[in-house]
Every structure is written in C-alpha cells, then in structure tokens.
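Notes follow the structure.
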Amino acid sequence: RSWGGKIRAAQLSRRKIAQHTARRIMNRETDAAITELAAYLVDTNRTREAALVVRDIEMELADNGIVIAKVTTAHPLTEQLRRQIIALMNAQTVYLDETVDQTVIGGVKIDMPGKEYDATVRAKLNKLKEMTLL
C-alpha cells in the first residue's frame with residue numbers, strides 16, 4: 001500500500017512512516033519500501049528528517065526482533081567475536097554494520113537502536129582523563 005489516497009502526506013508522523021516502512025521491510029519488500037520512503041520524503045519536503053526516520057525504522061524493527069547494530073573496532077572482527085556480539089543482541093535476526101576505525105585504538109563499540117555499548121580503549125582513556133580533571 002502506498003501513502004497516497006485520502007490521507008494528506010504531510011499528516012503522517014515519523015512514527016507512522018517508520019511503522020509502515022518497517023512492516024514492508026519485514027515483508028521482504030525492502031527495495032520498494034526504500035524507494036517509496038525516499039519519494040515520500042522528497043515529495044513532502046521532509047528530507048531533513050531522513051536520519052530521524054531511519055532511526056525510527058531501526059527502533060521499529062528492533063521491537064520486532066530485527067536488530068541492526070553498528071559495530072566499530074580498531075581491527076576487523078574475528079568470526080568468534082562476531083558470533084559473541086550477535087549472541088549479546090538477544091534478537092531473532094541481527095545485522096552487523098561493521099566499521100574499522102583505528103582511532104578507537106582497541107576494544108569494541110556497539111550502537112543499537114536505543115542502546116550503546118562502548119568498551120573501546122579510546123572511551124576508557126577519555127573516562128580516565130575526565131576523572132583526573134575533577
């Protein structure tokens with residue numbers, strides 16, 4: 001179903017947009033859902049909300065057991081660490097968006113909808129620095 005029809009497009013809340021798009025993604029209509037969402041945001045001049053809509057869609061998917069986690073490490077994940085991270089998610093389906101960023105020095109940072117776990121050396125050094133400045 002499209003968002004056209006009798007409902008004026010500008011009346012749709014981000015939550016409704018996220019619910020609709022997440023439902024289509026869960027029904028394996030991902031390409032159509034993304035195309036429709038992009039067209040809607042452009043047509044209604046709401047492209048500035050794109051990042052917020054994506055976050056809301058990720059939250060909606062997480063509520064339905066599908067977690068998209070952004071994992072940042074200093075080195076590529078080993079298969080064992082990847083399995084451990086997925087097990088931590090406690091979800092039916094987990095997708096990892098892996099980024100290697102040498103500025104984290106070591107450890108892992110995991111960003112999930114509504115949650116963040118930062119066990120990087122960089123974060124620990126920053127906490128230590130804050131404690132010494134107090």
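Each chain of the structure tokens is named A, B, ... in the order shown, its residues numbered from 1; ligands are numbered from 1 in display order.
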Exercise. Give me the residues within 6 Å of stretch 57-70 of chain A as a VMD selection string, counting only C-alpha atoms and dropping any in the same chain fewer than 4 places off.
Key: chain A and resid 18 22 91 to 97 110 to 113
Exercise. Please give the complete set of residues from chain A that DSSP, run on the backbone, assigns to strand (DSSP E or B), formatted as a PyMOL selection string.
Key: chain A and resi 66-73+93-100+107-112+115-120
Exercise. Choose the residue, out of A:Arg55, A:Lys129, A:Thr30, A:Ile85, that has the smallest atom-to-atom separation from A:Gly114; count only C-alpha atoms.
Key: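 When distances to A:Gly114 are compared using only C-alpha atoms, the smallest one comes from A:Arg55.
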Quiz item: Which distance in Å separates atom CA of A:Lys115 and atom CA of A:Lys127, to one decimal?
Solution: 18.8 Å
Quiz prompt | Pairwise distance for atom CA of A:Thr78 and atom CA of A:Glu98, rounded to one decimal in Å | solution = 11.3 Å
Exercise. Work out how far apart atom CA of A:Arg15 and atom CA of A:Leu52 are and give it in Å to one decimal.
Key: 10.0 Å
